[in-house]
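Report on the following structure.
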Amino acid sequence: MDDQSLDEFRRRWQEELAQAQAQRKRRRPEAAPGRAYFLFSPQNEMDDVPFFDIQLPYELAINIFQYLDRKDLGRCAQVSKTWKVIAEDEVLWYRLCQQEGHLPQSSISDYSCWKLIFQECRAKEHMLRTNWKNRKGAVSELEPVPDAVLCDVHSHDGVVIAGYTSGDVRVWDTRTWDYIAPFLESEYEEDEPGMQPYVSFVRINSSLAVAAYEDGFLNIWDLRTGKYPVHRFEHDARIQALALSQEDATVATASAFDVVMLCPSEEGYWQIAAEFEVQKLVDYLEIVPDTGRYPVAVATAGDLVYLLKAEDSARTLHYVYGQPVTCLDVSANQAAFGVKSLGWVYEGNKILVYSLEAERCLSKLGNALGDFTCVNLRDSPPNLMVSGNMDRRVRIHDLRTDKIALSLSAHQLGVSAVQMDDWKIVSGGEEGLVSVWDYRMNQKLWEVHSRHPVRHISFNSHSLITANVPYERVVRNADLDNFTTHRRHRGLIHAYEFAVDQLAFQSALPICRSSCDTTAGYNYDLALAFPYDNI
């Protein structure tokens with residue numbers, strides 16, 4: 001090697017040595033940090049993060065780790081101390097909480113350790129699921145109106161509304177375990193007591209309560225202001241269907257051959273937003289959620305299905321002569337309804353799923369001998385739908401393959417109400433039986449029986465509301481027999497609570513709070529309440 005080559009080698013070696021020393025200086029401070037450094041300096045702040053044989057900025061490492069789930073983050077935390085700091089970053093665990101639906105209304109600054117919050121939410125979710133399976137919790141029967149028969153029941157987020165043959169409307173807030181409910185006052189005169197018309201339908205959301213009466217009157221209450229109606233609307237004939245939006249203040253009614261949509265103006269005055277004329281009497285009516293400024297509804301009238309948009313005239317969504325619609329449910333962009341097949345060529349009863357945007361049929365599901373009596377599309381998991389049929393079966397439909405994912409033999413006299421979530425199904429039958437299923441295991445968990453058909457089922461992660469509504473709405477004279485003394489003859493409403501810590505929540509509805517200190521609820525093991533049921 002000549003002198004020139006030796007000088008070139010020394011120069012390159014010195015440059016590489018200087019680069020290595022500079023890199024080591026960036027990784028660690030020159031002087032040993034004192035105690036004040038550990039007390040006042042952020043320990044999670046790093047400039048560069050080693051990824052195999054390269055160095056990445058800390059922000060870029062966070063962007064990479066955000067695509068990992070909780071299991072992968074736990075594995076990455078075991079690689080090194082640097083990766084552990086990244087895997088436990090607050091941004092990552094806050095995003096995981098939001099993705100799995102834990103504390104959706106909170107911000108990242110509300111808690112200091114989102115990983116611990118995530119673990120607590122997972123433990124609570126496991127506890128609730130265990131209580132559901134083992135039928136452990138609190139149950140109470142809502143106090144009925146004396147000498148009156150239950151006509152209709154509806155609930156929203158734990159708040160229950162019920163209408164009776166006496167014309168009374170009551171509201172309970174089950175979130176506070178306060179079951180001594182006040183009456184919602186109407187504007188009927190008290191000159192002839194006991195002569196008020198029956199309540200045909202009741203609906204409720206987070207701010208409004210609506211009741212339709214047999215004489216065609218409609219009362220609307222604002223739950224935030226008081227127990228007297230804020231608006232009263234009158235139809236010329238009996239109201240045949242009633243719908244209330246779950247998100248905003250939009251009410252739809254159907255009477256005779258007219259469908260009316262009501263909503264408040266910017267000044268707060270209720271007005272008619274749209275009015276439609278249909279060819280037949282309406283059987284089912286639903287308001288489409290999340291439609292923006294102009295409300296949209298879907299109505300069925302015999303073998304006709306209408307799409308009603310406030311800024312447009314009534315449009316026929318589906319029509320096949322001689323094939324009436326037997327049930328209806330809607331989501332933000334789809335409508336599902338059961339169709340009864342009649343005629344010389346019998347194709348079996350089906351459920352049709354329509355796109356509300358394209359106004360065309362997407363799927364034809366099922367091929368049953370019995371009529372589909374109920375369908376739940378709005379509350380079902382994505383790409384799934386649950387339905388009930390008069391052939392005693394509960395079916396889960398896969399909307400991606402147009403096939404039946406699961407079929408359960410549930411109720412002897414037919415299914416009258418059904419709802420599902422990501423792991424369970426709650427179904428009600430005409431015989432008065434409420435059944436809870438774990439459909440992943442194809443197994444019935446428990447059941448409860450009452451006298452009358454189940455007309456309403458609503459549940460969330462920690463509570464369940466069921467209502468048994470009688471066929472007959474006639475109250476017999478107490479002087480002739482003892483019929484009115486038995487609650488089971490007048491209909492029942494049961495509220496189940498599977499999370500004890502939910503009982504202390506304060507109600508947001510002032511009119512639902514009772515002035516009494518005593519309550520009608522009892523806490524006990526539900527498995528002991530019905531010892532003769534087979535699990």
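Letters for chains follow the order of the structure tokens (A, B, ...), residue numbers begin at 1 for each chain, and ligand numbers begin at 1 in the order shown.
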
Residues near Asp391 (chain A), anyone? I mean within 7 Å using only C-alpha atoms, not counting same-chain ones fewer than 3 positions away, as a VMD selection string.
chain A and resid 369 to 370 414

For Lys350 (chain A), work out the shell of residues within 7 Å, counting only C-alpha atoms and skipping chain neighbours fewer than 5 positions away, then give it as a list in words.
Gly338, Val339, Lys340, Lys364, Leu365, Gly366, Asn367 and Ala368 of chain A

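Interatomic distance, CA of Phe233 (chain A) against CA of Ala273 (chain A): 13.3 Å.
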
Find the spatial neighbours of Asn205 (chain A), counting only C-alpha atoms, within a cut-off of 10 Å - ignore same-chain residues fewer than 5 positions away - and output them as an NGL selection string.
:A and (154-157 or 159-161 or 210 or 223 or 244-249)

For the residues in the current selection, export N, CA and C atoms as a PDB file, in the first residue's frame.
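So result-v4.pdb came out as:
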```
ATOM      1  N   HIS A 154     -92.991   1.710  25.095  1.00  0.00           N
ATOM      2  CA  HIS A 154     -91.794   2.025  24.319  1.00  0.00           C
ATOM      3  C   HIS A 154     -90.726   2.520  25.287  1.00  0.00           C
ATOM      4  N   SER A 155     -89.469   2.406  24.905  1.00  0.00           N
ATOM      5  CA  SER A 155     -88.370   2.839  25.775  1.00  0.00           C
ATOM      6  C   SER A 155     -87.220   3.351  24.927  1.00  0.00           C
ATOM      7  N   HIS A 156     -86.385   4.169  25.571  1.00  0.00           N
ATOM      8  CA  HIS A 156     -85.191   4.719  24.930  1.00  0.00           C
ATOM      9  C   HIS A 156     -84.158   4.997  26.007  1.00  0.00           C
ATOM     10  N   ASP A 157     -83.027   4.321  25.941  1.00  0.00           N
ATOM     11  CA  ASP A 157     -81.902   4.557  26.841  1.00  0.00           C
ATOM     12  C   ASP A 157     -82.325   4.462  28.305  1.00  0.00           C
ATOM     13  N   VAL A 159     -85.302   4.899  29.671  1.00  0.00           N
ATOM     14  CA  VAL A 159     -86.509   5.651  30.015  1.00  0.00           C
ATOM     15  C   VAL A 159     -87.701   4.976  29.331  1.00  0.00           C
ATOM     16  N   VAL A 160     -88.723   4.613  30.115  1.00  0.00           N
ATOM     17  CA  VAL A 160     -89.850   3.815  29.640  1.00  0.00           C
ATOM     18  C   VAL A 160     -91.108   4.668  29.669  1.00  0.00           C
ATOM     19  N   ILE A 161     -91.921   4.538  28.621  1.00  0.00           N
ATOM     20  CA  ILE A 161     -93.216   5.199  28.546  1.00  0.00           C
ATOM     21  C   ILE A 161     -94.274   4.140  28.289  1.00  0.00           C
ATOM     22  N   VAL A 210     -94.366  11.066  23.135  1.00  0.00           N
ATOM     23  CA  VAL A 210     -95.500  11.239  22.230  1.00  0.00           C
ATOM     24  C   VAL A 210     -96.517  10.145  22.531  1.00  0.00           C
ATOM     25  N   LEU A 223     -89.733  16.471  27.689  1.00  0.00           N
ATOM     26  CA  LEU A 223     -89.346  15.907  28.973  1.00  0.00           C
ATOM     27  C   LEU A 223     -88.425  16.826  29.765  1.00  0.00           C
ATOM     28  N   LEU A 244     -91.407   8.141  15.944  1.00  0.00           N
ATOM     29  CA  LEU A 244     -90.649   9.237  16.538  1.00  0.00           C
ATOM     30  C   LEU A 244     -89.173   9.011  16.258  1.00  0.00           C
ATOM     31  N   SER A 245     -88.506  10.039  15.775  1.00  0.00           N
ATOM     32  CA  SER A 245     -87.080   9.939  15.495  1.00  0.00           C
ATOM     33  C   SER A 245     -86.302   9.769  16.793  1.00  0.00           C
ATOM     34  N   GLN A 246     -85.297   8.909  16.783  1.00  0.00           N
ATOM     35  CA  GLN A 246     -84.475   8.694  17.963  1.00  0.00           C
ATOM     36  C   GLN A 246     -83.433   9.782  18.155  1.00  0.00           C
ATOM     37  N   GLU A 247     -83.143  10.564  17.121  1.00  0.00           N
ATOM     38  CA  GLU A 247     -82.075  11.558  17.199  1.00  0.00           C
ATOM     39  C   GLU A 247     -82.589  12.972  17.383  1.00  0.00           C
ATOM     40  N   ASP A 248     -83.704  13.337  16.741  1.00  0.00           N
ATOM     41  CA  ASP A 248     -84.166  14.710  16.787  1.00  0.00           C
ATOM     42  C   ASP A 248     -85.666  14.742  17.056  1.00  0.00           C
ATOM     43  N   ALA A 249     -86.239  15.946  16.976  1.00  0.00           N
ATOM     44  CA  ALA A 249     -87.653  16.153  17.285  1.00  0.00           C
ATOM     45  C   ALA A 249     -88.482  16.081  16.014  1.00  0.00           C
TER      46      ALA A 249
END
```

List the neighbours of Trp437 (chain A) out to 10 Å using only C-alpha atoms; skip same-chain residues closer than 6 positions along the sequence, and give me the result as a VMD selection string.
chain A and resid 133 408 410 420 423 to 427 443 to 447

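Distance-wise, CA of Ser458 (chain A) and CA of Pro104 (chain A) end up 21.2 Å apart.
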
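Proximity ranking of A:Phe337, A:Phe257, A:Tyr321, A:Trp132 relative to Asn460 (chain A) places A:Trp132 first, based on only C-alpha atoms.
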
Give the strand (DSSP E or B) residues of region 171-289 of chain A, as DSSP finds them on the backbone, and put them as a ChimeraX atom specification.
/A:171-173,178,183,199-204,208-213,217-222,229-234,239-244,251-255,258-264,270-277,284-287

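With only C-alpha atoms as the atoms that count, the residue of A:Tyr213, A:Phe183, A:Tyr471, A:Tyr319 with the shortest distance to Val145 (chain A) is A:Phe183.
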
All residues 12 Å or closer to Thr130 (chain A), only C-alpha atoms, same chain fewer than 6 positions away omitted, as a PyMOL selection string:
chain A and resi 123-124+136-137+438+445+461-462+498-499

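Considering only C-alpha atoms, the residue among A:Ser80, A:Ser363, A:Ser313, A:Ser255 positioned nearest to Asp215 (chain A) is A:Ser255.
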
Across A:Lys84, A:His494, A:His449, A:Arg95, the smallest distance to Ser140 (chain A), with only C-alpha atoms counted, is shown by A:His494

Among listed residues A:Asp89, A:Glu311, A:Asp422, A:Asp236, nearest Met261 (chain A) (using only C-alpha atoms)
A:Glu311

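One finds CA of Leu218 (chain A) at 23.8 Å from CA of Asn468 (chain A).
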
Can you list every residue in region 71-292 of chain A that DSSP puts in alpha helix (DSSP H), as JSON, numbers by chain?
{"A": [71, 72, 73, 74, 75, 76, 81, 82, 83, 84, 85, 86, 87, 90, 91, 92, 93, 94, 95, 96, 97, 98, 99, 114, 115, 116, 117, 118, 119, 120, 121, 122, 123, 124, 125, 126, 127, 128, 129, 130, 131, 132, 133, 134]}

Serialized selection, N, CA and C atoms, as a tab-separated table (two decimals), in the first residue's frame:
```tsv
chain	number	residue	atom	x	y	z
A	71	LYS	N	-53.46	-6.50	22.00
A	71	LYS	CA	-52.56	-7.64	22.15
A	71	LYS	C	-51.20	-7.35	21.52
A	72	ASP	N	-51.20	-6.75	20.34
A	72	ASP	CA	-49.93	-6.44	19.69
A	72	ASP	C	-49.16	-5.37	20.45
A	73	LEU	N	-49.88	-4.42	21.06
A	73	LEU	CA	-49.19	-3.42	21.88
A	73	LEU	C	-48.54	-4.06	23.10
A	74	GLY	N	-49.20	-5.04	23.69
A	74	GLY	CA	-48.60	-5.75	24.81
A	74	GLY	C	-47.35	-6.52	24.43
A	75	ARG	N	-47.35	-7.10	23.24
A	75	ARG	CA	-46.16	-7.83	22.78
A	75	ARG	C	-45.02	-6.86	22.48
A	76	CYS	N	-45.35	-5.72	21.88
A	76	CYS	CA	-44.31	-4.74	21.56
A	76	CYS	C	-43.70	-4.15	22.83
A	81	LYS	N	-37.07	-1.29	26.46
A	81	LYS	CA	-37.59	-0.19	27.25
A	81	LYS	C	-38.13	0.93	26.38
A	82	THR	N	-37.46	1.18	25.27
A	82	THR	CA	-37.91	2.23	24.37
A	82	THR	C	-39.26	1.88	23.76
A	83	TRP	N	-39.40	0.64	23.31
A	83	TRP	CA	-40.68	0.21	22.74
A	83	TRP	C	-41.77	0.17	23.79
A	84	LYS	N	-41.44	-0.11	25.03
A	84	LYS	CA	-42.43	-0.11	26.10
A	84	LYS	C	-43.00	1.29	26.33
A	85	VAL	N	-42.12	2.31	26.26
A	85	VAL	CA	-42.59	3.68	26.42
A	85	VAL	C	-43.55	4.05	25.29
A	86	ILE	N	-43.24	3.62	24.08
A	86	ILE	CA	-44.11	3.94	22.94
A	86	ILE	C	-45.42	3.18	23.06
A	87	ALA	N	-45.37	1.90	23.42
A	87	ALA	CA	-46.58	1.07	23.48
A	87	ALA	C	-47.53	1.51	24.57
A	90	GLU	N	-50.24	7.55	25.87
A	90	GLU	CA	-51.64	7.85	26.16
A	90	GLU	C	-52.48	7.95	24.89
A	91	VAL	N	-51.88	8.45	23.82
A	91	VAL	CA	-52.63	8.61	22.57
A	91	VAL	C	-53.10	7.26	22.05
A	92	LEU	N	-52.26	6.25	22.13
A	92	LEU	CA	-52.62	4.93	21.62
A	92	LEU	C	-53.77	4.30	22.41
A	93	TRP	N	-53.69	4.38	23.74
A	93	TRP	CA	-54.73	3.74	24.55
A	93	TRP	C	-56.02	4.54	24.57
A	94	TYR	N	-55.93	5.85	24.41
A	94	TYR	CA	-57.15	6.64	24.25
A	94	TYR	C	-57.85	6.26	22.94
A	95	ARG	N	-57.10	6.06	21.90
A	95	ARG	CA	-57.69	5.67	20.62
A	95	ARG	C	-58.30	4.28	20.69
A	96	LEU	N	-57.68	3.38	21.43
A	96	LEU	CA	-58.27	2.05	21.61
A	96	LEU	C	-59.60	2.13	22.37
A	97	CYS	N	-59.66	2.98	23.39
A	97	CYS	CA	-60.92	3.15	24.13
A	97	CYS	C	-62.02	3.68	23.22
A	98	GLN	N	-61.69	4.61	22.36
A	98	GLN	CA	-62.69	5.16	21.44
A	98	GLN	C	-63.13	4.13	20.41
A	99	GLN	N	-62.20	3.33	19.92
A	99	GLN	CA	-62.54	2.33	18.92
A	99	GLN	C	-63.45	1.25	19.47
A	114	TRP	N	-54.68	6.23	30.40
A	114	TRP	CA	-55.73	5.63	29.59
A	114	TRP	C	-55.57	4.11	29.49
A	115	LYS	N	-54.39	3.61	29.70
A	115	LYS	CA	-54.24	2.15	29.70
A	115	LYS	C	-54.98	1.54	30.88
A	116	LEU	N	-54.90	2.16	32.06
A	116	LEU	CA	-55.63	1.68	33.22
A	116	LEU	C	-57.13	1.83	33.03
A	117	ILE	N	-57.57	2.92	32.41
A	117	ILE	CA	-58.99	3.11	32.13
A	117	ILE	C	-59.49	2.03	31.18
A	118	PHE	N	-58.68	1.71	30.19
A	118	PHE	CA	-59.06	0.66	29.24
A	118	PHE	C	-59.20	-0.68	29.95
A	119	GLN	N	-58.28	-0.99	30.85
A	119	GLN	CA	-58.37	-2.26	31.59
A	119	GLN	C	-59.61	-2.29	32.48
A	120	GLU	N	-59.95	-1.17	33.11
A	120	GLU	CA	-61.14	-1.13	33.94
A	120	GLU	C	-62.41	-1.30	33.11
A	121	CYS	N	-62.45	-0.70	31.95
A	121	CYS	CA	-63.62	-0.85	31.07
A	121	CYS	C	-63.76	-2.29	30.58
A	122	ARG	N	-62.64	-2.92	30.28
A	122	ARG	CA	-62.70	-4.33	29.86
A	122	ARG	C	-63.17	-5.23	31.00
A	123	ALA	N	-62.71	-4.95	32.21
A	123	ALA	CA	-63.15	-5.75	33.36
A	123	ALA	C	-64.64	-5.56	33.63
A	124	LYS	N	-65.12	-4.33	33.49
A	124	LYS	CA	-66.55	-4.09	33.67
A	124	LYS	C	-67.37	-4.77	32.59
A	125	GLU	N	-66.89	-4.74	31.36
A	125	GLU	CA	-67.59	-5.43	30.27
A	125	GLU	C	-67.65	-6.93	30.52
A	126	HIS	N	-66.58	-7.51	31.03
A	126	HIS	CA	-66.58	-8.93	31.34
A	126	HIS	C	-67.55	-9.24	32.47
A	127	MET	N	-67.61	-8.36	33.48
A	127	MET	CA	-68.54	-8.57	34.58
A	127	MET	C	-69.99	-8.52	34.10
A	128	LEU	N	-70.31	-7.56	33.23
A	128	LEU	CA	-71.67	-7.47	32.70
A	128	LEU	C	-72.04	-8.69	31.89
A	129	ARG	N	-71.12	-9.16	31.07
A	129	ARG	CA	-71.42	-10.35	30.27
A	129	ARG	C	-71.62	-11.58	31.16
A	130	THR	N	-70.85	-11.69	32.22
A	130	THR	CA	-71.02	-12.80	33.15
A	130	THR	C	-72.37	-12.72	33.86
A	131	ASN	N	-72.77	-11.51	34.26
A	131	ASN	CA	-74.08	-11.35	34.90
A	131	ASN	C	-75.22	-11.67	33.96
A	132	TRP	N	-75.09	-11.28	32.71
A	132	TRP	CA	-76.10	-11.63	31.71
A	132	TRP	C	-76.23	-13.15	31.59
A	133	LYS	N	-75.10	-13.83	31.50
A	133	LYS	CA	-75.15	-15.28	31.31
A	133	LYS	C	-75.70	-16.00	32.53
A	134	ASN	N	-75.32	-15.55	33.73
A	134	ASN	CA	-75.74	-16.22	34.96
A	134	ASN	C	-77.04	-15.66	35.53
```
